$ cat protein-v7.cif   # mmCIF, C-alpha atoms, pLDDT in the B column; chains and numbers go by the auth columns
data_my_file
loop_
_atom_site.group_PDB
_atom_site.id
_atom_site.type_symbol
_atom_site.label_atom_id
_atom_site.label_comp_id
_atom_site.label_asym_id
_atom_site.label_seq_id
_atom_site.Cartn_x
_atom_site.Cartn_y
_atom_site.Cartn_z
_atom_site.B_iso_or_equiv
_atom_site.auth_seq_id
_atom_site.auth_asym_id
ATOM 1 C CA MET A 1 21.401 -2.702 -31.175 44.00 1 T
ATOM 2 C CA SER A 2 21.763 -1.076 -27.791 42.00 2 T
ATOM 3 C CA THR A 3 19.302 -1.825 -25.048 44.00 3 T
ATOM 4 C CA GLN A 4 18.669 0.780 -22.449 45.00 4 T
ATOM 5 C CA GLY A 5 18.057 -0.219 -18.870 50.00 5 T
ATOM 6 C CA HIS A 6 15.479 1.247 -16.604 53.00 6 T
ATOM 7 C CA THR A 7 16.023 4.697 -15.232 52.00 7 T
ATOM 8 C CA TRP A 8 15.226 4.290 -11.585 50.00 8 T
ATOM 9 C CA ALA A 9 15.719 7.875 -10.473 51.00 9 T
ATOM 10 C CA ARG A 10 12.581 9.374 -9.027 51.00 10 T
ATOM 11 C CA GLN A 11 11.015 11.833 -11.413 54.00 11 T
ATOM 12 C CA VAL A 12 10.536 15.326 -10.031 54.00 12 T
ATOM 13 C CA LYS A 13 7.166 16.839 -10.841 55.00 13 T
ATOM 14 C CA LYS A 14 7.463 20.044 -12.851 59.00 14 T
ATOM 15 C CA GLU A 15 5.293 22.982 -11.924 62.00 15 T
ATOM 16 C CA GLY A 16 1.902 22.711 -13.603 63.00 16 T
ATOM 17 C CA GLU A 17 2.470 19.048 -14.466 68.00 17 T
ATOM 18 C CA GLU A 18 -0.138 16.588 -13.272 77.00 18 T
ATOM 19 C CA GLU A 19 0.952 13.889 -10.864 80.00 19 T
ATOM 20 C CA ASP A 20 1.191 10.406 -12.321 89.00 20 T
ATOM 21 C CA PRO A 21 -1.933 8.339 -11.439 91.00 21 T
ATOM 22 C CA LEU A 22 0.255 5.548 -10.067 87.00 22 T
ATOM 23 C CA ASP A 23 2.065 8.021 -7.807 87.00 23 T
ATOM 24 C CA GLN A 24 -1.321 9.340 -6.642 90.00 24 T
ATOM 25 C CA LEU A 25 -2.464 5.802 -5.819 88.00 25 T
ATOM 26 C CA ILE A 26 0.708 5.046 -3.884 90.00 26 T
ATOM 27 C CA SER A 27 0.499 8.344 -1.997 90.00 27 T
ATOM 28 C CA ARG A 28 -3.113 7.670 -0.997 91.00 28 T
ATOM 29 C CA SER A 29 -2.193 4.158 0.128 91.00 29 T
ATOM 30 C CA GLY A 30 0.133 5.429 2.826 93.00 30 T
ATOM 31 C CA CYS A 31 2.974 3.382 1.315 95.00 31 T
ATOM 32 C CA ALA A 32 4.828 6.189 -0.456 95.00 32 T
ATOM 33 C CA ALA A 33 7.846 6.059 1.891 96.00 33 T
ATOM 34 C CA SER A 34 8.435 2.358 1.232 96.00 34 T
ATOM 35 C CA HIS A 35 7.860 2.888 -2.506 96.00 35 T
ATOM 36 C CA TYR A 36 10.493 5.625 -2.573 95.00 36 T
ATOM 37 C CA ALA A 37 12.863 3.361 -0.615 97.00 37 T
ATOM 38 C CA VAL A 38 12.538 0.764 -3.404 97.00 38 T
ATOM 39 C CA GLN A 39 13.179 3.434 -6.044 96.00 39 T
ATOM 40 C CA GLU A 40 16.219 4.785 -4.212 97.00 40 T
ATOM 41 C CA CYS A 41 17.644 1.300 -3.723 97.00 41 T
ATOM 42 C CA MET A 42 17.154 0.504 -7.403 97.00 42 T
ATOM 43 C CA ALA A 43 18.787 3.789 -8.415 97.00 43 T
ATOM 44 C CA GLN A 44 21.763 2.976 -6.207 97.00 44 T
ATOM 45 C CA HIS A 45 22.220 -0.737 -6.948 96.00 45 T
ATOM 46 C CA GLN A 46 20.499 -1.214 -10.343 95.00 46 T
ATOM 47 C CA ASP A 47 19.760 -4.775 -9.191 94.00 47 T
ATOM 48 C CA TRP A 48 16.387 -5.717 -7.716 90.00 48 T
ATOM 49 C CA ARG A 49 17.942 -8.687 -5.923 95.00 49 T
ATOM 50 C CA GLN A 50 19.840 -6.308 -3.663 97.00 50 T
ATOM 51 C CA CYS A 51 16.620 -4.455 -2.852 98.00 51 T
ATOM 52 C CA GLN A 52 14.516 -7.344 -1.582 98.00 52 T
ATOM 53 C CA PRO A 53 14.039 -5.951 1.967 98.00 53 T
ATOM 54 C CA GLN A 54 12.650 -2.708 0.488 98.00 54 T
ATOM 55 C CA VAL A 55 10.520 -4.592 -2.043 97.00 55 T
ATOM 56 C CA GLN A 56 9.099 -6.833 0.705 98.00 56 T
ATOM 57 C CA ALA A 57 8.325 -3.845 2.948 98.00 57 T
ATOM 58 C CA PHE A 58 6.475 -2.137 0.075 97.00 58 T
ATOM 59 C CA ARG A 59 4.609 -5.353 -0.766 97.00 59 T
ATOM 60 C CA ASP A 60 3.582 -5.803 2.886 97.00 60 T
ATOM 61 C CA CYS A 61 2.416 -2.197 3.126 97.00 61 T
ATOM 62 C CA MET A 62 0.327 -2.449 -0.039 95.00 62 T
ATOM 63 C CA SER A 63 -1.173 -5.786 1.071 96.00 63 T
ATOM 64 C CA GLU A 64 -2.201 -4.265 4.407 95.00 64 T
ATOM 65 C CA GLN A 65 -3.688 -1.267 2.628 94.00 65 T
ATOM 66 C CA GLN A 66 -5.655 -3.506 0.254 94.00 66 T
ATOM 67 C CA ALA A 67 -6.988 -5.549 3.190 96.00 67 T
ATOM 68 C CA ARG A 68 -8.117 -2.352 4.955 94.00 68 T
ATOM 69 C CA ARG A 69 -9.782 -1.176 1.736 93.00 69 T
ATOM 70 C CA ARG A 70 -11.634 -4.508 1.325 95.00 70 T
ATOM 71 C CA GLU A 71 -12.835 -4.348 4.932 96.00 71 T
ATOM 72 C CA GLU A 72 -14.061 -0.779 4.447 94.00 72 T
ATOM 73 C CA LEU A 73 -15.913 -1.684 1.250 95.00 73 T
ATOM 74 C CA GLN A 74 -17.477 -4.721 2.930 94.00 74 T
ATOM 75 C CA ARG A 75 -18.563 -2.575 5.885 94.00 75 T
ATOM 76 C CA ARG A 76 -20.153 -0.015 3.542 93.00 76 T
ATOM 77 C CA LYS A 77 -21.905 -2.780 1.609 91.00 77 T
ATOM 78 C CA GLU A 78 -23.309 -4.262 4.825 91.00 78 T
ATOM 79 C CA GLN A 79 -24.433 -0.853 6.073 90.00 79 T
ATOM 80 C CA GLY A 80 -26.081 -0.143 2.725 87.00 80 T
ATOM 81 C CA SER A 81 -28.052 -3.402 2.732 83.00 81 T
ATOM 82 C CA ALA A 82 -29.057 -2.879 6.380 74.00 82 T
ATOM 83 C CA HIS A 83 -30.777 0.379 5.424 65.00 83 T
ATOM 84 C CA HIS A 84 -32.944 -1.187 2.705 59.00 84 T
#

$ encode --input "protein-v7.cif" --output "structure tokens"
Amino acid sequence: MSTQGHTWARQVKKEGEEEDPLDQLISRSGCAASHYAVQECMAQHQDWRQCQPQVQAFRDCMSEQQARRREELQRRKEQGSAHH
């Protein structure tokens, strides 16, 4: 039984093909560059342990984005209840 590893090469979108929802989410987050850095490192090294700086940078970026999103939602909620 042969087990195949992950294919870490970035997939190129074909014309007329819809973008993957995860890729859309990452693009909207502003963290696409760090996400691609993780993918490129994984394609090169095939070992996540060698890609920890890229993984940490992506994690930090996504955490900051999530915090900004929470703040924005909280602000909207407060504005909405102030108008009632």

$ axis_aligned_box --input "protein-v7.cif" --around "stretch 17-26 of chain T" --padding-each-side "5 Å" --output "AutoDock Vina command-line options"
--center_x 0.0 --center_y 12.0 --center_z -9.2 --size_x 14.9 --size_y 24.0 --size_z 20.6

$ closest_residue --input "protein-v7.cif" --among "T:Gln50, T:Ala57, T:Gln79, T:Asp20" --to "T:Ala37" --atoms "all atoms listed in the file"
T:Ala57

$ atom_distance --input "protein-v7.cif" --atom1 "atom CA of T:Met42" --atom2 "atom CA of T:Ser27"
19.2 Å

$ resolve_selection --input "protein-v7.cif" --expression "the PyMOL selection byres ((chain T and resi 61) around 12)" --output "ChimeraX atom specification"
/T:26-27,29-35,54-60,62-68

$ atom_distance --input "protein-v7.cif" --atom1 "atom CA of T:Gln44" --atom2 "atom CA of T:Glu18"
26.7 Å

$ atom_distance --input "protein-v7.cif" --atom1 "atom CA of T:Leu22" --atom2 "atom CA of T:Gln39"
13.7 Å

$ decode --input "protein-v7.cif" --residues "stretch 59-81 of chain T" --atoms "N, CA and C atoms" --output "PDB file, in the first residue's frame"
ATOM      1  N   ARG T  59       0.259  32.659  11.169  1.00  0.00           N
ATOM      2  CA  ARG T  59      -0.584  32.565  12.365  1.00  0.00           C
ATOM      3  C   ARG T  59      -0.777  33.951  12.992  1.00  0.00           C
ATOM      4  N   ASP T  60       0.319  34.700  13.128  1.00  0.00           N
ATOM      5  CA  ASP T  60       0.235  36.047  13.706  1.00  0.00           C
ATOM      6  C   ASP T  60      -0.652  36.951  12.861  1.00  0.00           C
ATOM      7  N   CYS T  61      -0.481  36.879  11.549  1.00  0.00           N
ATOM      8  CA  CYS T  61      -1.287  37.711  10.650  1.00  0.00           C
ATOM      9  C   CYS T  61      -2.768  37.384  10.796  1.00  0.00           C
ATOM     10  N   MET T  62      -3.093  36.099  10.787  1.00  0.00           N
ATOM     11  CA  MET T  62      -4.500  35.700  10.904  1.00  0.00           C
ATOM     12  C   MET T  62      -5.069  36.080  12.272  1.00  0.00           C
ATOM     13  N   SER T  63      -4.286  35.963  13.327  1.00  0.00           N
ATOM     14  CA  SER T  63      -4.754  36.349  14.664  1.00  0.00           C
ATOM     15  C   SER T  63      -5.055  37.843  14.715  1.00  0.00           C
ATOM     16  N   GLU T  64      -4.174  38.649  14.123  1.00  0.00           N
ATOM     17  CA  GLU T  64      -4.409  40.097  14.084  1.00  0.00           C
ATOM     18  C   GLU T  64      -5.663  40.417  13.284  1.00  0.00           C
ATOM     19  N   GLN T  65      -5.839  39.729  12.176  1.00  0.00           N
ATOM     20  CA  GLN T  65      -7.020  39.954  11.339  1.00  0.00           C
ATOM     21  C   GLN T  65      -8.284  39.582  12.100  1.00  0.00           C
ATOM     22  N   GLN T  66      -8.264  38.470  12.813  1.00  0.00           N
ATOM     23  CA  GLN T  66      -9.436  38.040  13.579  1.00  0.00           C
ATOM     24  C   GLN T  66      -9.749  39.036  14.693  1.00  0.00           C
ATOM     25  N   ALA T  67      -8.726  39.586  15.333  1.00  0.00           N
ATOM     26  CA  ALA T  67      -8.939  40.578  16.386  1.00  0.00           C
ATOM     27  C   ALA T  67      -9.574  41.841  15.800  1.00  0.00           C
ATOM     28  N   ARG T  68      -9.075  42.276  14.636  1.00  0.00           N
ATOM     29  CA  ARG T  68      -9.672  43.451  13.974  1.00  0.00           C
ATOM     30  C   ARG T  68     -11.125  43.183  13.618  1.00  0.00           C
ATOM     31  N   ARG T  69     -11.406  41.981  13.143  1.00  0.00           N
ATOM     32  CA  ARG T  69     -12.780  41.616  12.752  1.00  0.00           C
ATOM     33  C   ARG T  69     -13.694  41.627  13.987  1.00  0.00           C
ATOM     34  N   ARG T  70     -13.226  41.068  15.100  1.00  0.00           N
ATOM     35  CA  ARG T  70     -14.028  41.074  16.336  1.00  0.00           C
ATOM     36  C   ARG T  70     -14.319  42.502  16.793  1.00  0.00           C
ATOM     37  N   GLU T  71     -13.291  43.359  16.735  1.00  0.00           N
ATOM     38  CA  GLU T  71     -13.483  44.754  17.139  1.00  0.00           C
ATOM     39  C   GLU T  71     -14.515  45.439  16.251  1.00  0.00           C
ATOM     40  N   GLU T  72     -14.434  45.189  14.950  1.00  0.00           N
ATOM     41  CA  GLU T  72     -15.378  45.798  14.009  1.00  0.00           C
ATOM     42  C   GLU T  72     -16.801  45.303  14.286  1.00  0.00           C
ATOM     43  N   LEU T  73     -16.952  44.024  14.515  1.00  0.00           N
ATOM     44  CA  LEU T  73     -18.289  43.484  14.811  1.00  0.00           C
ATOM     45  C   LEU T  73     -18.835  44.052  16.123  1.00  0.00           C
ATOM     46  N   GLN T  74     -17.975  44.180  17.120  1.00  0.00           N
ATOM     47  CA  GLN T  74     -18.393  44.741  18.403  1.00  0.00           C
ATOM     48  C   GLN T  74     -18.828  46.195  18.224  1.00  0.00           C
ATOM     49  N   ARG T  75     -18.053  46.950  17.443  1.00  0.00           N
ATOM     50  CA  ARG T  75     -18.376  48.350  17.181  1.00  0.00           C
ATOM     51  C   ARG T  75     -19.727  48.466  16.484  1.00  0.00           C
ATOM     52  N   ARG T  76     -19.956  47.623  15.495  1.00  0.00           N
ATOM     53  CA  ARG T  76     -21.256  47.633  14.781  1.00  0.00           C
ATOM     54  C   ARG T  76     -22.400  47.273  15.717  1.00  0.00           C
ATOM     55  N   LYS T  77     -22.160  46.296  16.584  1.00  0.00           N
ATOM     56  CA  LYS T  77     -23.197  45.875  17.537  1.00  0.00           C
ATOM     57  C   LYS T  77     -23.537  47.022  18.471  1.00  0.00           C
ATOM     58  N   GLU T  78     -22.505  47.716  18.972  1.00  0.00           N
ATOM     59  CA  GLU T  78     -22.731  48.842  19.881  1.00  0.00           C
ATOM     60  C   GLU T  78     -23.440  49.988  19.181  1.00  0.00           C
ATOM     61  N   GLN T  79     -23.072  50.252  17.951  1.00  0.00           N
ATOM     62  CA  GLN T  79     -23.728  51.318  17.177  1.00  0.00           C
ATOM     63  C   GLN T  79     -25.189  50.951  16.920  1.00  0.00           C
ATOM     64  N   GLY T  80     -25.429  49.685  16.634  1.00  0.00           N
ATOM     65  CA  GLY T  80     -26.801  49.235  16.368  1.00  0.00           C
ATOM     66  C   GLY T  80     -27.676  49.356  17.591  1.00  0.00           C
ATOM     67  N   SER T  81     -27.160  49.039  18.780  1.00  0.00           N
ATOM     68  CA  SER T  81     -27.976  49.127  19.989  1.00  0.00           C
ATOM     69  C   SER T  81     -28.100  50.573  20.452  1.00  0.00           C
TER      70      SER T  81
END
